[in-house]
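Enquirer: Sharing input_14.txt below, compact mmCIF, C-alpha atoms:
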```txt
# COMPACT_ATOMS: atom_id res chain seq x y z
CA MET Z 1 -66.47 -85.87 -26.18
CA ALA Z 2 -69.46 -85.70 -28.48
CA TYR Z 3 -67.79 -87.92 -31.07
CA ARG Z 4 -68.27 -91.13 -29.18
CA VAL Z 5 -71.00 -90.61 -26.65
CA ALA Z 6 -72.34 -94.02 -25.76
CA ALA Z 7 -75.27 -94.94 -23.55
CA CYS Z 8 -73.25 -94.41 -20.42
CA THR Z 9 -75.91 -95.10 -17.85
CA LEU Z 10 -76.59 -98.66 -19.00
CA SER Z 11 -75.23 -101.78 -17.40
CA GLY Z 12 -71.61 -102.79 -17.94
CA LEU Z 13 -72.37 -105.27 -20.71
CA LEU Z 14 -74.57 -102.87 -22.62
CA VAL Z 15 -72.07 -100.09 -22.19
CA THR Z 16 -69.39 -102.33 -23.65
CA ALA Z 17 -71.62 -103.25 -26.58
CA SER Z 18 -72.66 -99.68 -27.30
CA THR Z 19 -69.11 -98.41 -26.95
CA THR Z 20 -67.95 -100.97 -29.51
CA ALA Z 21 -70.71 -99.90 -31.87
CA ALA Z 22 -69.79 -96.26 -31.35
CA ASP Z 23 -66.15 -97.08 -32.00
CA LEU Z 24 -67.00 -98.68 -35.34
CA ALA Z 25 -69.12 -95.72 -36.35
CA THR Z 26 -66.56 -93.18 -35.20
CA TYR Z 27 -63.47 -95.16 -36.13
CA PRO Z 28 -64.49 -97.08 -39.27
CA LYS Z 29 -62.44 -99.90 -40.74
CA PHE Z 30 -60.78 -99.32 -44.09
CA GLU Z 31 -59.87 -101.86 -46.72
CA GLY Z 32 -56.76 -103.95 -46.36
CA ALA Z 33 -54.91 -105.90 -43.68
CA HIS Z 34 -52.39 -103.07 -43.24
CA LEU Z 35 -55.07 -100.57 -42.22
CA ASP Z 36 -56.76 -103.22 -40.08
CA GLN Z 37 -53.53 -103.63 -38.15
CA GLY Z 38 -53.11 -99.86 -38.08
CA ARG Z 39 -56.58 -99.42 -36.64
CA SER Z 40 -55.90 -101.90 -33.83
CA LEU Z 41 -52.60 -100.22 -33.03
CA TRP Z 42 -54.16 -96.77 -33.19
CA LEU Z 43 -57.02 -97.74 -30.85
CA GLU Z 44 -54.58 -99.28 -28.40
CA ASN Z 45 -51.90 -96.58 -28.44
CA CYS Z 46 -53.18 -93.33 -29.94
CA GLU Z 47 -56.93 -93.01 -29.41
CA GLY Z 48 -56.54 -92.19 -25.72
CA CYS Z 49 -55.24 -88.73 -26.67
CA HIS Z 50 -56.10 -88.26 -30.37
CA GLY Z 51 -59.69 -89.41 -29.85
CA TYR Z 52 -60.34 -86.54 -27.45
CA GLY Z 53 -57.83 -83.79 -28.24
CA ILE Z 54 -56.00 -84.40 -24.99
CA ALA Z 55 -52.88 -82.26 -24.49
CA GLY Z 56 -53.52 -80.59 -27.82
CA ALA Z 57 -53.48 -83.85 -29.83
CA PRO Z 58 -55.06 -83.26 -33.26
CA VAL Z 59 -58.36 -85.12 -33.58
CA PRO Z 60 -58.82 -86.98 -36.89
CA MET Z 61 -62.59 -86.39 -36.74
CA LYS Z 62 -61.93 -82.66 -36.97
CA PRO Z 63 -60.99 -81.75 -40.55
CA ALA Z 64 -59.58 -78.39 -39.44
CA ASP Z 65 -57.07 -80.22 -37.22
CA TRP Z 66 -55.84 -82.47 -39.98
CA ARG Z 67 -55.90 -80.57 -43.26
CA PRO Z 68 -52.61 -78.77 -42.47
CA ARG Z 69 -51.05 -81.94 -41.11
CA LEU Z 70 -51.95 -84.05 -44.13
CA ALA Z 71 -50.40 -81.32 -46.26
CA LYS Z 72 -47.02 -81.98 -44.58
CA GLY Z 73 -46.85 -85.40 -46.20
CA LYS Z 74 -46.47 -88.89 -44.81
CA ALA Z 75 -42.69 -88.76 -44.37
CA VAL Z 76 -42.96 -85.84 -41.92
CA LEU Z 77 -45.85 -87.42 -40.04
CA TYR Z 78 -43.97 -90.72 -39.74
CA ALA Z 79 -40.90 -88.90 -38.42
CA HIS Z 80 -42.94 -86.93 -35.87
CA ALA Z 81 -44.68 -90.06 -34.64
CA ILE Z 82 -41.50 -92.12 -34.40
CA ASN Z 83 -39.13 -89.48 -32.99
CA GLY Z 84 -41.61 -87.27 -31.13
CA PHE Z 85 -42.45 -83.68 -31.94
CA PHE Z 86 -42.87 -80.30 -30.24
CA GLY Z 87 -45.60 -78.13 -31.69
CA PRO Z 88 -45.41 -74.35 -31.98
CA GLU Z 89 -47.39 -73.96 -28.75
CA ASP Z 90 -45.04 -76.32 -26.89
CA THR Z 91 -47.44 -79.21 -27.19
CA MET Z 92 -45.60 -82.51 -27.17
CA MET Z 93 -46.13 -85.64 -29.21
CA PRO Z 94 -44.14 -88.30 -27.35
CA GLU Z 95 -41.99 -90.60 -29.41
CA ARG Z 96 -43.87 -93.75 -30.50
CA GLY Z 97 -46.97 -92.43 -28.74
CA GLY Z 98 -45.29 -93.12 -25.42
CA ASN Z 99 -44.96 -96.85 -26.14
CA PRO Z 100 -41.27 -97.65 -26.75
CA GLU Z 101 -42.14 -101.24 -27.63
CA LEU Z 102 -43.76 -100.21 -30.92
CA SER Z 103 -41.58 -100.82 -33.99
CA ASP Z 104 -41.20 -98.25 -36.77
CA THR Z 105 -43.44 -100.41 -38.96
CA GLN Z 106 -46.16 -100.49 -36.30
CA VAL Z 107 -46.00 -96.71 -35.72
CA LYS Z 108 -46.25 -96.14 -39.47
CA ALA Z 109 -49.28 -98.44 -39.68
CA ALA Z 110 -50.99 -96.46 -36.89
CA VAL Z 111 -50.16 -93.20 -38.71
CA ASP Z 112 -51.56 -94.66 -41.94
CA TYR Z 113 -54.84 -95.46 -40.17
CA MET Z 114 -55.04 -92.01 -38.55
CA THR Z 115 -54.43 -90.23 -41.85
CA ALA Z 116 -57.01 -92.49 -43.56
CA LEU Z 117 -59.46 -91.61 -40.79
CA ALA Z 118 -58.74 -87.90 -41.12
CA ALA Z 119 -59.19 -88.09 -44.89
CA HIS Z 120 -62.49 -89.94 -44.35
CA TYR Z 121 -63.85 -87.11 -42.18
CA ILE Z 122 -62.56 -84.47 -44.59
CA ARG Z 123 -64.44 -86.23 -47.42
CA GLN Z 124 -67.58 -86.38 -45.29
CA GLU Z 125 -67.43 -82.64 -44.68
CA ARG Z 126 -67.62 -81.83 -48.39
CA MET I 1 -76.64 -76.28 -23.58
CA LYS I 2 -75.56 -73.45 -25.84
CA HIS I 3 -76.75 -70.99 -23.23
CA LEU I 4 -74.74 -72.79 -20.58
CA ARG I 5 -71.69 -72.89 -22.80
CA ASN I 6 -72.03 -69.18 -23.43
CA THR I 7 -72.34 -68.61 -19.72
CA VAL I 8 -69.11 -70.43 -19.03
CA LEU I 9 -66.79 -68.05 -20.79
CA GLY I 10 -64.45 -68.01 -17.86
CA LEU I 11 -64.32 -66.76 -14.36
CA GLY I 12 -62.60 -63.55 -15.40
CA VAL I 13 -65.33 -62.67 -17.86
CA ALA I 14 -68.04 -63.43 -15.31
CA ALA I 15 -66.30 -61.38 -12.65
CA SER I 16 -65.80 -58.49 -15.07
CA ALA I 17 -69.46 -58.58 -16.04
CA ILE I 18 -70.53 -58.48 -12.41
CA ALA I 19 -68.14 -55.63 -11.63
CA LEU I 20 -69.38 -53.72 -14.67
CA THR I 21 -72.99 -54.15 -13.62
CA THR I 22 -72.17 -52.89 -10.16
CA ALA I 23 -70.39 -49.86 -11.50
CA ILE I 24 -73.21 -48.96 -13.84
CA ALA I 25 -76.14 -49.60 -11.57
CA GLY I 26 -74.48 -48.57 -8.34
CA THR I 27 -76.18 -51.51 -6.64
CA ASP I 28 -74.88 -54.51 -4.72
CA ALA I 29 -74.99 -56.68 -7.83
CA GLY I 30 -71.62 -58.19 -6.92
CA SER I 31 -73.27 -60.02 -4.04
CA THR I 32 -76.33 -61.15 -6.00
CA PRO I 33 -76.18 -64.76 -7.20
CA SER I 34 -76.15 -64.69 -10.98
CA ILE I 35 -74.30 -67.83 -11.97
CA SER I 36 -75.37 -71.44 -11.49
CA PRO I 37 -73.19 -73.74 -9.35
CA LYS I 38 -72.47 -75.84 -12.44
CA ALA I 39 -71.38 -72.83 -14.48
CA MET I 40 -69.27 -71.65 -11.54
CA ALA I 41 -67.62 -75.08 -11.18
CA ASP I 42 -67.01 -75.28 -14.95
CA ALA I 43 -65.49 -71.79 -14.94
CA LEU I 44 -63.23 -72.60 -12.00
CA HIS I 45 -62.10 -75.80 -13.68
CA LEU I 46 -61.48 -73.97 -16.95
CA VAL I 47 -59.11 -71.58 -15.17
CA MET I 48 -57.36 -74.37 -13.23
CA ASP I 49 -56.99 -76.60 -16.25
CA SER I 50 -55.74 -73.80 -18.49
CA ASP I 51 -53.13 -72.70 -15.94
CA ARG I 52 -51.94 -76.26 -15.52
CA THR I 53 -51.83 -76.82 -19.28
CA ILE I 54 -49.72 -73.70 -19.75
CA TYR I 55 -47.36 -74.76 -16.95
CA THR I 56 -47.04 -78.21 -18.53
CA ARG I 57 -46.44 -76.88 -22.04
CA LYS I 58 -44.52 -73.65 -21.55
CA ILE I 59 -42.43 -74.65 -18.54
CA VAL I 60 -42.14 -78.44 -18.26
CA ASN I 61 -42.39 -79.53 -21.90
CA ARG I 62 -40.20 -76.68 -23.11
CA LEU I 63 -37.46 -76.73 -20.47
CA VAL I 64 -37.40 -80.42 -19.57
CA ALA I 65 -38.31 -82.31 -22.71
CA LYS I 66 -37.41 -79.87 -25.50
CA ASP I 67 -34.48 -77.72 -24.31
CA LYS I 68 -33.33 -80.25 -21.66
CA VAL I 69 -31.97 -77.57 -19.31
CA ILE I 70 -33.63 -78.84 -16.11
CA THR I 71 -35.57 -81.85 -14.87
CA ALA I 72 -38.97 -82.12 -13.22
CA SER I 73 -39.18 -84.34 -10.17
CA GLU I 74 -41.49 -85.44 -7.38
CA HIS I 75 -38.51 -84.70 -5.09
CA PHE I 76 -37.97 -81.27 -6.60
CA GLU I 77 -36.18 -79.76 -3.59
CA ASP I 78 -33.56 -82.50 -3.25
CA ASP I 79 -33.19 -82.76 -7.01
CA LYS I 80 -33.16 -78.97 -7.60
CA ALA I 81 -35.85 -79.61 -10.19
CA LEU I 82 -39.18 -78.23 -11.33
CA VAL I 83 -42.28 -79.36 -9.50
CA LEU I 84 -44.44 -81.80 -11.46
CA PRO I 85 -47.61 -80.31 -12.98
CA ALA I 86 -49.79 -82.39 -10.64
CA GLN I 87 -47.80 -81.15 -7.64
CA MET I 88 -48.18 -77.54 -8.76
CA PHE I 89 -51.92 -78.10 -9.00
CA ARG I 90 -52.04 -79.63 -5.54
CA PHE I 91 -49.97 -76.84 -3.99
CA GLY I 92 -52.37 -74.35 -5.53
CA SER I 93 -55.40 -76.07 -4.03
CA GLU I 94 -53.74 -76.10 -0.61
CA LEU I 95 -52.93 -72.38 -0.82
CA VAL I 96 -56.47 -71.57 -1.94
CA ALA I 97 -57.86 -73.48 1.06
CA LYS I 98 -55.55 -71.60 3.42
CA ARG I 99 -56.23 -68.15 1.97
CA ALA I 100 -59.97 -68.80 1.81
CA GLU I 101 -60.03 -69.20 5.60
CA ASP I 102 -59.88 -65.40 5.83
CA MET I 103 -62.50 -64.87 3.13
CA PRO I 104 -65.94 -65.76 4.50
CA ASP I 105 -67.64 -65.26 1.12
CA VAL I 106 -65.31 -67.69 -0.62
CA ASN I 107 -66.77 -71.09 0.12
CA PHE I 108 -65.46 -73.58 -2.36
CA SER I 109 -62.79 -76.23 -2.33
CA TYR I 110 -61.02 -78.31 -4.92
CA SER I 111 -58.65 -81.23 -4.87
CA LEU I 112 -56.92 -83.72 -7.12
CA GLN I 113 -58.01 -87.24 -6.24
CA SER I 114 -57.71 -90.74 -7.65
CA LEU I 115 -59.19 -94.18 -7.26
CA TRP I 116 -55.56 -95.32 -7.54
CA PRO I 117 -53.68 -92.74 -5.46
CA VAL I 118 -49.94 -92.90 -4.90
CA ASN I 119 -50.63 -91.01 -1.68
CA LYS I 120 -53.60 -92.53 0.17
CA GLN I 121 -54.62 -89.08 1.39
CA ASN I 122 -55.72 -88.39 -2.17
CA ALA I 123 -58.25 -91.23 -2.29
CA PRO I 124 -61.94 -90.27 -2.50
CA LYS I 125 -63.74 -90.05 0.82
CA THR I 126 -67.39 -89.31 0.07
CA GLU I 127 -69.73 -91.48 -2.02
CA ALA I 128 -70.09 -88.63 -4.52
CA GLU I 129 -66.32 -88.48 -4.99
CA LYS I 130 -66.08 -92.26 -5.44
CA THR I 131 -68.98 -92.37 -7.91
CA GLY I 132 -67.74 -89.31 -9.78
CA LEU I 133 -64.19 -90.58 -10.15
CA LYS I 134 -65.45 -93.93 -11.47
CA TYR I 135 -67.83 -92.16 -13.85
CA VAL I 136 -65.19 -89.92 -15.43
CA ALA I 137 -62.84 -92.92 -15.76
CA ASP I 138 -65.53 -95.04 -17.45
CA ASN I 139 -66.95 -92.23 -19.62
CA LYS I 140 -63.96 -90.43 -21.01
CA GLY I 141 -64.64 -86.90 -22.14
CA GLN I 142 -67.57 -86.40 -19.77
CA ASN I 143 -67.81 -84.62 -16.43
CA TYR I 144 -69.79 -85.71 -13.39
CA TYR I 145 -72.13 -83.41 -11.45
CA THR I 146 -74.13 -84.14 -8.33
CA GLU I 147 -75.31 -82.74 -5.02
CA GLU I 148 -74.30 -84.14 -1.66
CA THR I 149 -74.98 -83.37 1.99
CA LEU I 150 -71.98 -83.30 4.29
CA GLY I 151 -72.18 -82.36 7.95
CA GLY I 152 -75.79 -81.27 7.44
CA LYS I 153 -74.82 -78.85 4.67
CA LYS I 154 -75.75 -79.24 1.01
CA TYR I 155 -73.04 -78.98 -1.67
CA PHE I 156 -72.80 -79.03 -5.45
CA THR I 157 -69.97 -81.37 -6.39
CA ALA I 158 -68.35 -81.62 -9.81
CA VAL I 159 -65.72 -84.14 -10.92
CA TYR I 160 -63.50 -83.61 -14.00
CA ALA I 161 -61.22 -86.29 -15.45
CA ASP I 162 -57.48 -85.95 -14.96
CA VAL I 163 -55.65 -87.62 -17.82
CA GLY I 164 -52.06 -88.80 -18.06
CA VAL I 165 -50.76 -86.53 -20.83
CA ALA I 166 -47.01 -87.18 -20.74
CA PRO I 167 -44.94 -90.36 -20.55
CA VAL I 168 -43.53 -89.19 -17.19
CA CYS I 169 -47.05 -89.15 -15.64
CA VAL I 170 -47.59 -92.75 -16.70
CA SER I 171 -44.16 -94.11 -15.83
CA CYS I 172 -44.13 -92.42 -12.42
CA HIS I 173 -47.51 -93.88 -11.42
CA ASN I 174 -46.75 -97.31 -12.89
CA GLU I 175 -43.37 -97.55 -11.21
CA HIS I 176 -44.00 -95.79 -7.88
CA LYS I 177 -43.66 -98.16 -4.95
CA ASP I 178 -46.87 -96.88 -3.39
CA SER I 179 -48.97 -96.99 -6.55
CA PRO I 180 -51.90 -99.41 -6.37
CA ARG I 181 -52.19 -99.60 -10.17
CA ARG I 182 -49.40 -100.20 -12.64
CA ASP I 183 -50.99 -100.61 -16.06
CA PHE I 184 -51.66 -96.98 -17.00
CA LYS I 185 -51.17 -95.94 -20.60
CA LEU I 186 -50.73 -92.48 -22.04
CA GLY I 187 -54.16 -90.86 -22.38
CA ASP I 188 -55.74 -92.90 -19.57
CA VAL I 189 -57.88 -91.20 -16.94
CA MET I 190 -55.69 -91.41 -13.84
CA GLY I 191 -57.84 -89.44 -11.43
CA GLY I 192 -60.06 -86.41 -11.24
CA VAL I 193 -60.42 -82.85 -10.03
CA VAL I 194 -63.19 -82.54 -7.46
CA ILE I 195 -64.75 -79.08 -7.04
CA ARG I 196 -67.24 -78.55 -4.22
CA ILE I 197 -69.46 -75.47 -3.83
CA PRO I 198 -71.89 -74.99 -0.93
CA LEU I 199 -75.52 -74.54 -1.98
CA GLU I 200 -76.50 -72.66 1.16
CA SER I 201 -74.73 -70.02 3.19
```
Please render this file's structure as structure tokens.
Expert:
Amino acid sequence: MAYRVAACTLSGLLVTASTTAADLATYPKFEGAHLDQGRSLWLENCEGCHGYGIAGAPVPMKPADWRPRLAKGKAVLYAHAINGFFGPEDTMMPERGGNPELSDTQVKAAVDYMTALAAHYIRQER
Amino acid sequence: MKHLRNTVLGLGVAASAIALTTAIAGTDAGSTPSISPKAMADALHLVMDSDRTIYTRKIVNRLVAKDKVITASEHFEDDKALVLPAQMFRFGSELVAKRAEDMPDVNFSYSLQSLWPVNKQNAPKTEAEKTGLKYVADNKGQNYYTEETLGGKKYFTAVYADVGVAPVCVSCHNEHKDSPRRDFKLGDVMGGVVIRIPLES
């Protein structure tokens, strides 16, 4: 997807380096250890779908995807991420992002990073 | 790019436009090439992917995961269950190949393949397939397009990533006794759709 197009035809090492750089630009770090942990968890467990809109996953780089979701409030978003959620079009958010080993605290940290990321892109749009 | 994107509105739209032109002009426009192989492959994939997405969401997600009234299983006949979305896709490609035998103007094929196939028959065979499957796995979100010559005939070949979108996709591949890879995560590229269109009649 256009959000994180790296120099894909380069050698493996350069691809890795450019992908990392693209990740930092696309998925910036935010202040605080909590959001640092959330970012790591999000990249490991959530980015595979939410980074690309796979299976209807809302993309945090798209303000239109996230404005209505942020409006639901954190408690609802935490509950959807922890328990799973079926969208109105029968899209499915699997519980704990499909990783049953994640604790509630870890899922919430990943949600906190994703909402911070969405808010970041909404601010950039203004 | 914008022109290409506009061109790829969908096979139905393209077919309607061609039919309309024929009706208006009264010519053989329906047999005149007017769409690039890439646009044709993209349109075909758009239809396939949309059908599969709807099956996954409106049938499997709704009945299996949400309403819990039936299961979906690789062994759907024995288990009296729904076919898995990937199986439905594969059955479709097999039926297309069979029906196309009686349609000399329909010269394309498609298949679901993987570098880590549960069934070895679904491993890539040509260099283009191998390169394309690796490319879409390494460059998520991008498609792979190339030309290849097979049996003295030139083809346009497109490869589109196939992503594990539900926990059952991942768990089945990770736990299947015949699976050569067992570390898939949700959202990983697990294979690819290969579409091949001949470039000469």
Enquirer: Using all atoms listed in the file, which protein or nucleic acid residues come within 7 Å of Tyr121 of chain Z? Drop anything in the same chain fewer than 4 positions from it, and give the result as a PyMOL selection string.
Expert: chain Z and resi 61+63+117+125
Enquirer: Quick one: residues within 9 Å of (-44.4, -79.3, -19.0) (file frame), counting all atoms listed in the file, please, as a JSON list (two decimals) with C-alpha atoms, in the frame of the given file.
Expert:
```json
[["chain", "number", "residue", "atom", "x", "y", "z"],
["Z", 90, "ASP", "CA", -45.04, -76.32, -26.89],
["Z", 91, "THR", "CA", -47.44, -79.21, -27.19],
["Z", 92, "MET", "CA", -45.60, -82.51, -27.17],
["I", 52, "ARG", "CA", -51.94, -76.26, -15.52],
["I", 53, "THR", "CA", -51.83, -76.82, -19.28],
["I", 54, "ILE", "CA", -49.72, -73.70, -19.75],
["I", 55, "TYR", "CA", -47.36, -74.76, -16.95],
["I", 56, "THR", "CA", -47.04, -78.21, -18.53],
["I", 57, "ARG", "CA", -46.44, -76.88, -22.04],
["I", 58, "LYS", "CA", -44.52, -73.65, -21.55],
["I", 59, "ILE", "CA", -42.43, -74.65, -18.54],
["I", 60, "VAL", "CA", -42.14, -78.44, -18.26],
["I", 61, "ASN", "CA", -42.39, -79.53, -21.90],
["I", 62, "ARG", "CA", -40.20, -76.68, -23.11],
["I", 63, "LEU", "CA", -37.46, -76.73, -20.47],
["I", 64, "VAL", "CA", -37.40, -80.42, -19.57],
["I", 65, "ALA", "CA", -38.31, -82.31, -22.71],
["I", 72, "ALA", "CA", -38.97, -82.12, -13.22],
["I", 84, "LEU", "CA", -44.44, -81.80, -11.46],
["I", 85, "PRO", "CA", -47.61, -80.31, -12.98],
["I", 166, "ALA", "CA", -47.01, -87.18, -20.74]]
```
Enquirer: Write out as a VMD selection string which residues come within 6 Å of segment 151-164 of chain I when counting all atoms listed in the file, dropping same-chain ones fewer than 2 positions away.
Expert: chain I and resid 132 136 143 to 149 166 169 186 to 199
Enquirer: Can you work out which one of Z:Leu102, Z:Ala116, Z:Met93, Z:Cys49 has the shortest atom-to-atom distance to Arg67 of chain Z, counting all atoms listed in the file?
Expert: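 Comparing Z:Leu102, Z:Ala116, Z:Met93, Z:Cys49 against Arg67 of chain Z, the winner is Z:Ala116.
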Enquirer: Enter the distance from atom CA of Ser40 of chain Z to atom CA of His80 of chain Z, in Å, rounded to one decimal.
Expert: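 The value is 19.9 Å.
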Enquirer: Ranking Z:Ala71, Z:Ala55, Z:Ala118, Z:Leu35 by minimum distance to Gln106 of chain Z and counting only C-alpha atoms, which one comes first?
Expert: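 Smallest separation from Gln106 of chain Z among the options: Z:Leu35.
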Enquirer: What does the distance between atom CA of Asn119 of chain I and atom CA of Arg181 of chain I come to in Å, to one decimal place?
Expert: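 Going from atom CA of Asn119 of chain I over to atom CA of Arg181 of chain I covers 12.2 Å.
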Enquirer: Between Z:Lys72, Z:His50, Z:Arg126, Z:His34, which one has atoms that come closest to chain I, using all atoms listed in the file?
Expert: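 Distance minimum relative to chain I lands on Z:His50.
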Enquirer: List the spatial neighbours of Ala81 of chain Z as a PDB file with C-alpha atoms, in the frame of the given file - criterion: any atom at most 8 Å away, only C-alpha atoms, same-chain residues fewer than 6 positions off excluded.
Expert:
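Output (result-v8.pdb):
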```
ATOM      1  CA  MET Z  93     -46.130 -85.640 -29.210  1.00  0.00           C
ATOM      2  CA  PRO Z  94     -44.140 -88.300 -27.350  1.00  0.00           C
ATOM      3  CA  GLU Z  95     -41.990 -90.600 -29.410  1.00  0.00           C
ATOM      4  CA  ARG Z  96     -43.870 -93.750 -30.500  1.00  0.00           C
ATOM      5  CA  GLY Z  97     -46.970 -92.430 -28.740  1.00  0.00           C
ATOM      6  CA  VAL Z 107     -46.000 -96.710 -35.720  1.00  0.00           C
ATOM      7  CA  LYS Z 108     -46.250 -96.140 -39.470  1.00  0.00           C
ATOM      8  CA  VAL Z 111     -50.160 -93.200 -38.710  1.00  0.00           C
TER       9      VAL Z 111
END
```
Enquirer: Can you put N, CA and C atoms back into segment 176-197 of chain I and show it as a PDB file, keeping the file's coordinate frame?
Expert:
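Output contents, as saved in selection34.pdb:
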```
ATOM      1  N   HIS I 176     -44.108 -96.265  -9.271  1.00  0.00           N
ATOM      2  CA  HIS I 176     -44.000 -95.790  -7.880  1.00  0.00           C
ATOM      3  C   HIS I 176     -44.313 -96.930  -6.910  1.00  0.00           C
ATOM      4  N   LYS I 177     -43.495 -97.036  -5.895  1.00  0.00           N
ATOM      5  CA  LYS I 177     -43.660 -98.160  -4.950  1.00  0.00           C
ATOM      6  C   LYS I 177     -45.009 -98.139  -4.240  1.00  0.00           C
ATOM      7  N   ASP I 178     -45.597 -96.971  -4.096  1.00  0.00           N
ATOM      8  CA  ASP I 178     -46.870 -96.880  -3.390  1.00  0.00           C
ATOM      9  C   ASP I 178     -48.092 -96.876  -4.314  1.00  0.00           C
ATOM     10  N   SER I 179     -47.852 -97.047  -5.611  1.00  0.00           N
ATOM     11  CA  SER I 179     -48.970 -96.990  -6.550  1.00  0.00           C
ATOM     12  C   SER I 179     -49.779 -98.281  -6.543  1.00  0.00           C
ATOM     13  N   PRO I 180     -51.101 -98.191  -6.378  1.00  0.00           N
ATOM     14  CA  PRO I 180     -51.900 -99.410  -6.370  1.00  0.00           C
ATOM     15  C   PRO I 180     -52.270 -99.914  -7.770  1.00  0.00           C
ATOM     16  N   ARG I 181     -51.901 -99.150  -8.797  1.00  0.00           N
ATOM     17  CA  ARG I 181     -52.190 -99.600 -10.170  1.00  0.00           C
ATOM     18  C   ARG I 181     -50.985 -99.333 -11.048  1.00  0.00           C
ATOM     19  N   ARG I 182     -50.650-100.315 -11.881  1.00  0.00           N
ATOM     20  CA  ARG I 182     -49.400-100.200 -12.640  1.00  0.00           C
ATOM     21  C   ARG I 182     -49.569-100.495 -14.119  1.00  0.00           C
ATOM     22  N   ASP I 183     -50.790-100.333 -14.627  1.00  0.00           N
ATOM     23  CA  ASP I 183     -50.990-100.610 -16.060  1.00  0.00           C
ATOM     24  C   ASP I 183     -51.530 -99.389 -16.803  1.00  0.00           C
ATOM     25  N   PHE I 184     -51.211 -98.186 -16.309  1.00  0.00           N
ATOM     26  CA  PHE I 184     -51.660 -96.980 -17.000  1.00  0.00           C
ATOM     27  C   PHE I 184     -50.975 -96.853 -18.348  1.00  0.00           C
ATOM     28  N   LYS I 185     -51.737 -96.285 -19.298  1.00  0.00           N
ATOM     29  CA  LYS I 185     -51.170 -95.940 -20.600  1.00  0.00           C
ATOM     30  C   LYS I 185     -51.361 -94.442 -20.802  1.00  0.00           C
ATOM     31  N   LEU I 186     -50.577 -93.894 -21.714  1.00  0.00           N
ATOM     32  CA  LEU I 186     -50.730 -92.480 -22.040  1.00  0.00           C
ATOM     33  C   LEU I 186     -52.176 -92.235 -22.513  1.00  0.00           C
ATOM     34  N   GLY I 187     -52.788 -91.169 -21.991  1.00  0.00           N
ATOM     35  CA  GLY I 187     -54.160 -90.860 -22.380  1.00  0.00           C
ATOM     36  C   GLY I 187     -55.204 -91.475 -21.460  1.00  0.00           C
ATOM     37  N   ASP I 188     -54.775 -92.309 -20.518  1.00  0.00           N
ATOM     38  CA  ASP I 188     -55.740 -92.900 -19.570  1.00  0.00           C
ATOM     39  C   ASP I 188     -56.176 -91.864 -18.532  1.00  0.00           C
ATOM     40  N   VAL I 189     -57.415 -92.006 -18.068  1.00  0.00           N
ATOM     41  CA  VAL I 189     -57.880 -91.200 -16.940  1.00  0.00           C
ATOM     42  C   VAL I 189     -57.217 -91.770 -15.691  1.00  0.00           C
ATOM     43  N   MET I 190     -56.431 -90.927 -15.014  1.00  0.00           N
ATOM     44  CA  MET I 190     -55.690 -91.410 -13.840  1.00  0.00           C
ATOM     45  C   MET I 190     -56.294 -90.918 -12.539  1.00  0.00           C
ATOM     46  N   GLY I 191     -57.203 -89.985 -12.636  1.00  0.00           N
ATOM     47  CA  GLY I 191     -57.840 -89.440 -11.430  1.00  0.00           C
ATOM     48  C   GLY I 191     -58.836 -88.377 -11.836  1.00  0.00           C
ATOM     49  N   GLY I 192     -59.102 -87.457 -10.917  1.00  0.00           N
ATOM     50  CA  GLY I 192     -60.060 -86.410 -11.240  1.00  0.00           C
ATOM     51  C   GLY I 192     -59.919 -85.207 -10.319  1.00  0.00           C
ATOM     52  N   VAL I 193     -60.370 -84.074 -10.834  1.00  0.00           N
ATOM     53  CA  VAL I 193     -60.420 -82.850 -10.030  1.00  0.00           C
ATOM     54  C   VAL I 193     -61.829 -82.751  -9.445  1.00  0.00           C
ATOM     55  N   VAL I 194     -61.899 -82.658  -8.135  1.00  0.00           N
ATOM     56  CA  VAL I 194     -63.190 -82.540  -7.460  1.00  0.00           C
ATOM     57  C   VAL I 194     -63.372 -81.095  -6.990  1.00  0.00           C
ATOM     58  N   ILE I 195     -64.430 -80.454  -7.458  1.00  0.00           N
ATOM     59  CA  ILE I 195     -64.750 -79.080  -7.040  1.00  0.00           C
ATOM     60  C   ILE I 195     -66.064 -79.127  -6.248  1.00  0.00           C
ATOM     61  N   ARG I 196     -66.043 -78.512  -5.082  1.00  0.00           N
ATOM     62  CA  ARG I 196     -67.240 -78.550  -4.220  1.00  0.00           C
ATOM     63  C   ARG I 196     -67.644 -77.120  -3.856  1.00  0.00           C
ATOM     64  N   ILE I 197     -68.935 -76.825  -4.107  1.00  0.00           N
ATOM     65  CA  ILE I 197     -69.460 -75.470  -3.830  1.00  0.00           C
ATOM     66  C   ILE I 197     -70.690 -75.602  -2.932  1.00  0.00           C
TER      67      ILE I 197
END
```
